[in-house]
file model05.csv (CSV, C-alpha atoms)
chain,number,residue,atom,x,y,z
A,1303,ASP,CA,99.7,-5.4,75.8
A,1304,ALA,CA,101.9,-4.0,78.6
A,1305,LYS,CA,99.0,-4.2,81.1
A,1306,PHE,CA,99.4,-8.0,81.1
A,1307,ALA,CA,102.8,-7.6,82.8
A,1308,ALA,CA,101.0,-6.6,86.0
A,1309,ILE,CA,98.5,-9.5,85.7
A,1310,ALA,CA,101.2,-12.1,84.9
A,1311,PRO,CA,98.7,-14.8,83.6
A,1312,ASP,CA,99.7,-18.4,83.4
A,1313,TYR,CA,97.4,-19.1,80.5
A,1314,ALA,CA,95.1,-17.3,78.2
A,1315,PHE,CA,92.1,-19.0,76.5
A,1316,ALA,CA,89.8,-17.8,73.8
A,1317,ILE,CA,86.5,-19.4,72.8
A,1318,HIS,CA,85.3,-19.7,69.2
A,1319,ASN,CA,82.8,-21.9,67.4
A,1320,MET,CA,84.1,-24.3,64.8
A,1321,PRO,CA,81.6,-25.3,62.0
A,1322,GLY,CA,81.7,-29.1,61.4
A,1323,LEU,CA,82.8,-30.0,64.9
A,1324,PRO,CA,80.5,-32.7,66.4
A,1325,LEU,CA,78.0,-31.6,69.0
A,1326,ALA,CA,79.3,-31.5,72.6
A,1327,HIS,CA,83.0,-31.8,71.4
A,1328,VAL,CA,85.7,-29.3,72.2
A,1329,ALA,CA,88.9,-28.8,70.1
A,1330,VAL,CA,91.9,-27.3,71.9
A,1331,ALA,CA,95.0,-25.9,70.1
A,1332,GLU,CA,97.9,-23.8,71.1
A,1333,GLY,CA,98.5,-20.5,69.2
A,1334,GLN,CA,96.3,-18.9,66.6
A,1335,ILE,CA,93.4,-20.7,65.0
A,1336,THR,CA,90.1,-20.0,63.2
A,1337,CYS,CA,91.2,-16.4,62.5
A,1338,ALA,CA,89.1,-14.8,59.8
A,1339,SER,CA,88.7,-11.5,58.0
A,1340,MET,CA,85.9,-10.2,55.8
A,1341,GLY,CA,88.5,-8.2,53.8
A,1342,LEU,CA,91.1,-5.5,53.7
A,1343,CYS,CA,90.9,-2.1,52.2
A,1344,VAL,CA,94.1,-0.2,51.5
A,1345,GLU,CA,93.7,3.5,51.0
A,1346,LEU,CA,96.6,5.5,49.6
A,1347,THR,CA,96.5,9.3,50.3
A,1348,GLY,CA,98.6,11.7,48.2
A,1349,LYS,CA,98.9,15.5,47.9
A,1350,THR,CA,98.0,17.4,44.8
A,1351,SER,CA,100.2,20.1,43.3
A,1352,HIS,CA,100.4,22.3,40.3
A,1353,ALA,CA,102.0,20.9,37.2
A,1354,SER,CA,104.7,23.6,37.4
A,1355,VAL,CA,105.8,22.4,40.8
A,1356,PRO,CA,105.4,18.6,40.9
A,1357,GLU,CA,107.9,18.3,43.6
A,1358,ALA,CA,105.4,19.9,46.0
A,1359,GLY,CA,103.0,17.1,45.6
A,1360,ILE,CA,103.0,13.5,47.0
A,1361,SER,CA,102.0,10.8,44.5
A,1362,PRO,CA,100.9,7.4,45.6
A,1363,ALA,CA,101.8,6.0,42.1
A,1364,MET,CA,105.0,4.4,43.4
A,1365,ALA,CA,103.1,2.5,46.1
A,1366,VAL,CA,100.4,1.4,43.6
A,1367,ALA,CA,103.2,0.3,41.2
A,1368,ARG,CA,104.5,-2.1,44.0
A,1369,ILE,CA,101.1,-3.3,45.2
A,1370,ILE,CA,99.8,-4.4,41.8
A,1371,PRO,CA,102.7,-6.7,40.9
A,1372,ALA,CA,102.6,-8.2,44.4
A,1373,LEU,CA,98.9,-9.1,43.9
A,1374,LYS,CA,99.8,-10.5,40.5
A,1375,ARG,CA,102.4,-12.7,42.1
A,1376,LEU,CA,99.8,-14.0,44.6
A,1377,GLU,CA,97.5,-14.7,41.7
A,1378,ALA,CA,100.2,-16.7,39.9
A,1379,GLU,CA,100.7,-18.7,43.1
A,1380,GLY,CA,97.0,-19.4,43.3
A,1381,LEU,CA,96.5,-17.6,46.6
A,1382,VAL,CA,94.2,-14.9,45.2
A,1383,GLU,CA,91.9,-14.4,42.2
A,1384,PHE,CA,90.7,-11.2,40.7
A,1385,GLN,CA,87.0,-10.6,40.4
A,1386,ARG,CA,85.4,-7.8,38.5
A,1387,ASN,CA,84.4,-4.9,40.7
A,1388,LYS,CA,85.6,-6.8,43.8
A,1389,GLY,CA,89.3,-6.7,43.5
A,1390,ALA,CA,91.6,-9.5,44.7
A,1391,ILE,CA,89.8,-12.3,46.6
A,1392,VAL,CA,91.5,-15.0,48.6
A,1393,THR,CA,91.0,-18.3,46.9
A,1394,ALA,CA,89.1,-21.2,48.3
A,1395,VAL,CA,90.5,-24.7,47.6
A,1396,SER,CA,88.5,-27.9,47.5
A,1397,GLU,CA,89.5,-31.1,49.2
A,1398,PRO,CA,90.4,-32.8,45.9
A,1399,GLU,CA,92.6,-29.8,45.0
A,1400,ILE,CA,94.3,-29.8,48.4
A,1401,ALA,CA,95.1,-33.5,47.9
A,1402,GLN,CA,96.5,-32.9,44.4
A,1403,ILE,CA,98.8,-30.1,45.7
A,1404,PHE,CA,100.1,-32.3,48.5
A,1405,GLU,CA,100.6,-35.2,46.1
A,1406,THR,CA,102.6,-32.9,43.8
A,1407,ARG,CA,104.7,-31.8,46.7
A,1408,ALA,CA,105.3,-35.4,47.8
A,1409,ILE,CA,106.5,-36.4,44.3
A,1410,LEU,CA,108.8,-33.4,43.9
A,1411,GLU,CA,110.3,-33.5,47.3
A,1412,SER,CA,110.9,-37.3,47.4
A,1413,ASN,CA,112.7,-36.9,44.1
A,1414,ALA,CA,114.7,-33.9,45.3
A,1415,ILE,CA,116.0,-35.7,48.4
A,1416,ARG,CA,116.9,-38.8,46.4
A,1417,LEU,CA,119.1,-36.6,44.2
A,1418,SER,CA,120.5,-34.7,47.2
A,1419,VAL,CA,121.5,-37.6,49.5
A,1420,PRO,CA,124.6,-38.7,47.6
A,1421,HIS,CA,126.0,-35.2,47.8
A,1422,MET,CA,125.2,-34.4,51.5
A,1423,THR,CA,128.0,-33.3,53.8
A,1424,PRO,CA,128.5,-33.0,57.6
A,1425,GLU,CA,127.5,-29.4,57.2
A,1426,THR,CA,124.2,-30.5,55.7
A,1427,PHE,CA,123.4,-32.8,58.6
A,1428,ALA,CA,124.4,-30.1,61.2
A,1429,GLU,CA,122.2,-27.4,59.7
A,1430,ALA,CA,119.3,-29.8,59.1
A,1431,GLN,CA,119.6,-31.0,62.7
A,1432,ALA,CA,119.5,-27.4,64.0
A,1433,PHE,CA,116.3,-26.7,62.0
A,1434,CYS,CA,114.8,-30.0,63.2
A,1435,ASP,CA,115.5,-29.1,66.9
A,1436,ALA,CA,114.2,-25.6,66.5
A,1437,PHE,CA,110.9,-26.9,65.0
A,1438,ALA,CA,110.6,-29.3,68.0
A,1439,ARG,CA,111.1,-26.5,70.5
A,1440,GLU,CA,108.9,-23.9,68.9
A,1441,THR,CA,105.5,-23.3,70.6
A,1442,ASP,CA,104.3,-20.6,68.3
A,1443,VAL,CA,102.1,-22.2,65.7
A,1444,ALA,CA,102.7,-19.2,63.3
A,1445,GLN,CA,106.4,-20.2,63.2
A,1446,TRP,CA,106.0,-23.9,62.5
A,1447,SER,CA,105.5,-23.7,58.7
A,1448,ALA,CA,108.6,-21.5,58.3
A,1449,LEU,CA,110.8,-23.9,60.4
A,1450,ASN,CA,109.3,-26.9,58.6
A,1451,TRP,CA,110.4,-25.4,55.2
A,1452,GLN,CA,113.9,-24.6,56.5
A,1453,PHE,CA,114.3,-28.2,57.5
A,1454,HIS,CA,113.0,-29.7,54.3
A,1455,SER,CA,114.7,-27.3,51.9
A,1456,ARG,CA,118.1,-27.8,53.5
A,1457,LEU,CA,117.9,-31.4,52.7
A,1458,TYR,CA,117.3,-30.6,49.0
A,1459,LEU,CA,120.0,-28.0,48.4
A,1460,ASP,CA,122.7,-30.6,47.7
A,1461,ALA,CA,120.8,-31.9,44.7
A,1462,GLN,CA,122.1,-28.8,42.9
A,1463,ARG,CA,118.7,-28.4,41.3
A,1464,PRO,CA,117.7,-24.7,42.0
A,1465,PHE,CA,114.7,-24.8,39.6
A,1466,LEU,CA,113.4,-27.9,41.3
A,1467,VAL,CA,113.8,-26.4,44.8
A,1468,SER,CA,112.1,-23.1,43.7
A,1469,THR,CA,109.2,-25.1,42.3
A,1470,ILE,CA,108.9,-27.0,45.5
A,1471,ARG,CA,108.9,-23.7,47.4
A,1472,ALA,CA,106.1,-22.4,45.2
A,1473,VAL,CA,104.0,-25.5,46.0
A,1474,ASN,CA,104.8,-25.1,49.7
A,1475,ASP,CA,103.7,-21.5,49.7
A,1476,ARG,CA,100.2,-22.7,48.5
A,1477,LEU,CA,100.1,-25.2,51.4
A,1478,GLU,CA,101.5,-23.0,54.2
A,1479,ARG,CA,98.1,-21.9,55.6
A,1480,TYR,CA,96.9,-25.5,55.6
A,1481,LEU,CA,100.0,-26.8,57.3
A,1482,ARG,CA,99.2,-24.6,60.3
A,1483,ILE,CA,95.7,-26.0,60.4
A,1484,GLN,CA,96.9,-29.6,60.2
A,1485,LEU,CA,99.6,-29.2,62.9
A,1486,SER,CA,97.2,-27.3,65.2
A,1487,LEU,CA,94.1,-29.5,65.0
A,1488,SER,CA,95.9,-32.8,64.9
A,1489,HIS,CA,98.5,-31.9,67.6
A,1490,GLY,CA,100.9,-33.0,64.8
A,1491,GLN,CA,104.1,-31.3,65.9
A,1492,GLY,CA,105.3,-34.4,67.7
A,1493,THR,CA,104.5,-36.7,64.8
A,1494,ALA,CA,106.2,-34.3,62.4
A,1495,ASP,CA,109.3,-34.0,64.6
A,1496,ARG,CA,109.6,-37.8,64.8
A,1497,GLU,CA,109.2,-38.2,61.1
A,1498,HIS,CA,111.8,-35.4,60.4
A,1499,ARG,CA,114.3,-37.3,62.6
A,1500,GLU,CA,113.7,-40.5,60.7
A,1501,ILE,CA,114.2,-38.7,57.4
A,1502,LEU,CA,117.4,-37.2,58.7
A,1503,ALA,CA,118.7,-40.5,59.9
A,1504,ALA,CA,118.2,-42.1,56.5
A,1505,CYS,CA,120.1,-39.2,55.0
A,1506,ARG,CA,123.0,-39.7,57.4
A,1507,ALA,CA,123.0,-43.4,56.5
A,1508,GLY,CA,123.3,-42.5,52.8
A,1509,ASP,CA,120.1,-44.4,52.0
A,1510,ALA,CA,118.6,-42.1,49.3
A,1511,GLU,CA,115.7,-44.5,48.4
A,1512,ARG,CA,114.7,-44.8,52.1
A,1513,ALA,CA,114.8,-41.1,52.5
A,1514,GLY,CA,112.6,-40.6,49.5
A,1515,GLU,CA,110.1,-43.1,50.7
A,1516,LEU,CA,110.0,-41.4,54.2
A,1517,VAL,CA,109.5,-37.9,52.7
A,1518,TYR,CA,106.7,-39.1,50.5
A,1519,ALA,CA,104.9,-40.9,53.4
A,1520,HIS,CA,105.5,-37.9,55.6
A,1521,ILE,CA,103.9,-35.4,53.2
A,1522,MET,CA,100.9,-37.6,52.3
A,1523,GLY,CA,100.4,-38.4,56.0
A,1524,ALA,CA,100.1,-34.7,56.7
A,1525,CYS,CA,97.6,-34.5,53.8
A,1526,SER,CA,95.4,-37.3,55.2
A,1527,SER,CA,95.5,-35.7,58.7
A,1528,LEU,CA,94.5,-32.3,57.3
A,1529,LEU,CA,91.6,-33.7,55.3
A,1530,HIS,CA,90.4,-35.7,58.3
A,1531,HIS,CA,90.2,-32.5,60.4
A,1532,LEU,CA,88.5,-30.3,57.9
A,1533,PRO,CA,84.7,-29.9,58.2
A,1534,ALA,CA,83.1,-32.7,56.2
A,1535,GLY,CA,82.7,-31.9,52.5
A,1536,LYS,CA,84.4,-28.5,52.7
A,1537,GLY,CA,87.7,-27.2,51.5
A,1538,ALA,CA,89.7,-24.4,53.0
A,1539,SER,CA,90.3,-20.8,52.3

call {"tool": "encode", "arguments": {"input": "model05.csv", "output": "structure tokens"}}
result
Amino acid sequence: DAKFAAIAPDYAFAIHNMPGLPLAHVAVAEGQITCASMGLCVELTGKTSHASVPEAGISPAMAVARIIPALKRLEAEGLVEFQRNKGAIVTAVSEPEIAQIFETRAILESNAIRLSVPHMTPETFAEAQAFCDAFARETDVAQWSALNWQFHSRLYLDAQRPFLVSTIRAVNDRLERYLRIQLSLSHGQGTADREHREILAACRAGDAERAGELVYAHIMGACSSLLHHLPAGKGAS
């Protein structure tokens, strides 16, 4: 809002309740958190015309043809599910399911980095270092997951396993919303940055086994942190 330029605030605070937080406790996090929506309706408006002059009309068919496959992709990724007479609904994931997804990610990524380390180059290290530093400097929570993926994925490219990396990306996409929660509630950016640098150091040293162990521990540690900060007995959606 341009009006804030005249106010020049040092800080802005918003207050919101958080189910599951103990009585008389306050949770503080930078950036966006506890955002919610009851739904989204997309209305496409066209313009009718006579069959003899179809060029005079405006058909929303092309837009619909793009929306439906996009929703199907989200369904394939497990992010939405279709319910009769309700449309596409964002999926809720239980704690055991979250743990399994993190475990799958840890297995795949630790294997990918073991395959990648022997083929890494100075260019690999320079680019990974740049992503690592960008993650550490970023204060916008909404950007953390993207920078986290850039760092991790760069370390797997030298494995020359495009299918493996694309599979890892699909798993990461399912966890992206939870990663923001974990980093925000646990103030985990500093921990993630330290662990990123340890992983990168192992790669520079050419120690593929150590790098794999660090990646596995890094991912499962994030999982444990997330489950600890979720409301007891509840998953996330």

call {"tool": "atom_distance", "arguments": {"input": "model05.csv", "atom1": "atom CA of Ala1408 of chain A", "atom2": "atom CA of Pro1424 of chain A"}}
result
25.3 Å

call {"tool": "residues_around", "arguments": {"input": "model05.csv", "residues": "Glu1383 of chain A", "least_positions_apart": "6", "cutoff": "10 Å", "atoms": "only C-alpha atoms", "output": "list of chain:residue names"}}
result
A:Leu1373, A:Lys1374, A:Leu1376, A:Glu1377, A:Gly1389, A:Ala1390, A:Ile1391, A:Val1392, A:Thr1393, A:Ala1394

call {"tool": "closest_residue", "arguments": {"input": "model05.csv", "among": "A:Cys1343, A:Ala1363, A:Val1473, A:Ala1432", "to": "Gly1380 of chain A", "atoms": "all atoms listed in the file"}}
result
A:Val1473

call {"tool": "atom_distance", "arguments": {"input": "model05.csv", "atom1": "atom CA of Thr1347 of chain A", "atom2": "atom CA of Ala1378 of chain A"}}
result
28.2 Å

call {"tool": "residues_around", "arguments": {"input": "model05.csv", "residues": "segment 1482-1487 of chain A", "least_positions_apart": "2", "cutoff": "10 Å", "atoms": "only C-alpha atoms", "output": "ChimeraX atom specification"}}
result
/A:1329-1336,1443-1447,1477-1480,1489-1494,1524-1532,1538

call {"tool": "atom_distance", "arguments": {"input": "model05.csv", "atom1": "atom CA of Asp1442 of chain A", "atom2": "atom CA of Asp1312 of chain A"}}
result
15.9 Å

call {"tool": "closest_residue", "arguments": {"input": "model05.csv", "among": "A:Ala1510, A:Ala1316, A:Ala1472, A:Leu1417", "to": "Leu1381 of chain A", "atoms": "all atoms listed in the file"}}
result
A:Ala1472

call {"tool": "residues_around", "arguments": {"input": "model05.csv", "residues": "Ala1507 of chain A", "least_positions_apart": "6", "cutoff": "12 Å", "atoms": "all atoms listed in the file", "output": "NGL selection string"}}
result
:A and (1419-1420 or 1422-1424 or 1427 or 1500-1501 or 1513)

call {"tool": "write_last_selection", "arguments": {"input": "model05.csv", "atoms": "C-alpha atoms", "output": "PDB file, keeping the file's coordinate frame"}}
result
ATOM      1  CA  VAL A1419     121.500 -37.600  49.500  1.00  0.00           C
ATOM      2  CA  PRO A1420     124.600 -38.700  47.600  1.00  0.00           C
ATOM      3  CA  MET A1422     125.200 -34.400  51.500  1.00  0.00           C
ATOM      4  CA  THR A1423     128.000 -33.300  53.800  1.00  0.00           C
ATOM      5  CA  PRO A1424     128.500 -33.000  57.600  1.00  0.00           C
ATOM      6  CA  PHE A1427     123.400 -32.800  58.600  1.00  0.00           C
ATOM      7  CA  GLU A1500     113.700 -40.500  60.700  1.00  0.00           C
ATOM      8  CA  ILE A1501     114.200 -38.700  57.400  1.00  0.00           C
ATOM      9  CA  ALA A1513     114.800 -41.100  52.500  1.00  0.00           C
TER      10      ALA A1513
END

call {"tool": "residues_near_point", "arguments": {"input": "model05.csv", "point": "(113.8, -28.6, 52.9)", "cutoff": "10 Å", "atoms": "all atoms listed in the file", "output": "mmCIF file with C-alpha atoms, in the frame of the given file"}}
result
data_model
loop_
_atom_site.group_PDB
_atom_site.id
_atom_site.type_symbol
_atom_site.label_atom_id
_atom_site.label_comp_id
_atom_site.auth_asym_id
_atom_site.auth_seq_id
_atom_site.Cartn_x
_atom_site.Cartn_y
_atom_site.Cartn_z
ATOM 1 C CA GLU A 1411 110.300 -33.500 47.300
ATOM 2 C CA ALA A 1414 114.700 -33.900 45.300
ATOM 3 C CA ILE A 1415 116.000 -35.700 48.400
ATOM 4 C CA ALA A 1430 119.300 -29.800 59.100
ATOM 5 C CA PHE A 1433 116.300 -26.700 62.000
ATOM 6 C CA LEU A 1449 110.800 -23.900 60.400
ATOM 7 C CA ASN A 1450 109.300 -26.900 58.600
ATOM 8 C CA TRP A 1451 110.400 -25.400 55.200
ATOM 9 C CA GLN A 1452 113.900 -24.600 56.500
ATOM 10 C CA PHE A 1453 114.300 -28.200 57.500
ATOM 11 C CA HIS A 1454 113.000 -29.700 54.300
ATOM 12 C CA SER A 1455 114.700 -27.300 51.900
ATOM 13 C CA ARG A 1456 118.100 -27.800 53.500
ATOM 14 C CA LEU A 1457 117.900 -31.400 52.700
ATOM 15 C CA TYR A 1458 117.300 -30.600 49.000
ATOM 16 C CA LEU A 1459 120.000 -28.000 48.400
ATOM 17 C CA VAL A 1467 113.800 -26.400 44.800
ATOM 18 C CA ILE A 1470 108.900 -27.000 45.500
ATOM 19 C CA ARG A 1471 108.900 -23.700 47.400
#

call {"tool": "closest_residue", "arguments": {"input": "model05.csv", "among": "A:Gln1402, A:Ala1308, A:Pro1464, A:Ile1409", "to": "Gly1514 of chain A", "atoms": "all atoms listed in the file"}}
result
A:Ile1409

call {"tool": "build_atoms", "arguments": {"input": "model05.csv", "residues": "segment 1458-1470 of chain A", "atoms": "N, CA and C atoms", "output": "compact mmCIF listing (two decimals), keeping the file's coordinate frame"}}
result
# COMPACT_ATOMS: atom_id res chain seq x y z
N TYR A 1458 117.36 -30.55 50.44
CA TYR A 1458 117.30 -30.60 49.00
C TYR A 1458 118.37 -29.81 48.29
N LEU A 1459 119.04 -28.94 49.02
CA LEU A 1459 120.00 -28.00 48.40
C LEU A 1459 121.15 -28.75 47.71
N ASP A 1460 121.60 -29.86 48.29
CA ASP A 1460 122.70 -30.60 47.70
C ASP A 1460 122.44 -31.27 46.42
N ALA A 1461 121.16 -31.28 46.04
CA ALA A 1461 120.80 -31.90 44.70
C ALA A 1461 121.28 -30.99 43.59
N GLN A 1462 121.63 -29.72 43.90
CA GLN A 1462 122.10 -28.80 42.90
C GLN A 1462 121.03 -28.65 41.76
N ARG A 1463 119.77 -28.54 42.19
CA ARG A 1463 118.70 -28.40 41.30
C ARG A 1463 117.87 -27.12 41.70
N PRO A 1464 118.39 -25.91 41.46
CA PRO A 1464 117.70 -24.70 42.00
C PRO A 1464 116.30 -24.52 41.42
N PHE A 1465 116.07 -24.90 40.15
CA PHE A 1465 114.70 -24.80 39.60
C PHE A 1465 113.75 -25.70 40.32
N LEU A 1466 114.20 -26.93 40.58
CA LEU A 1466 113.40 -27.90 41.30
C LEU A 1466 113.03 -27.38 42.69
N VAL A 1467 114.02 -26.85 43.40
CA VAL A 1467 113.80 -26.40 44.80
C VAL A 1467 112.86 -25.14 44.74
N SER A 1468 113.02 -24.26 43.75
CA SER A 1468 112.10 -23.10 43.70
C SER A 1468 110.70 -23.51 43.36
N THR A 1469 110.56 -24.56 42.55
CA THR A 1469 109.20 -25.10 42.30
C THR A 1469 108.58 -25.68 43.51
N ILE A 1470 109.39 -26.42 44.27
CA ILE A 1470 108.90 -27.00 45.50
C ILE A 1470 108.49 -25.87 46.47
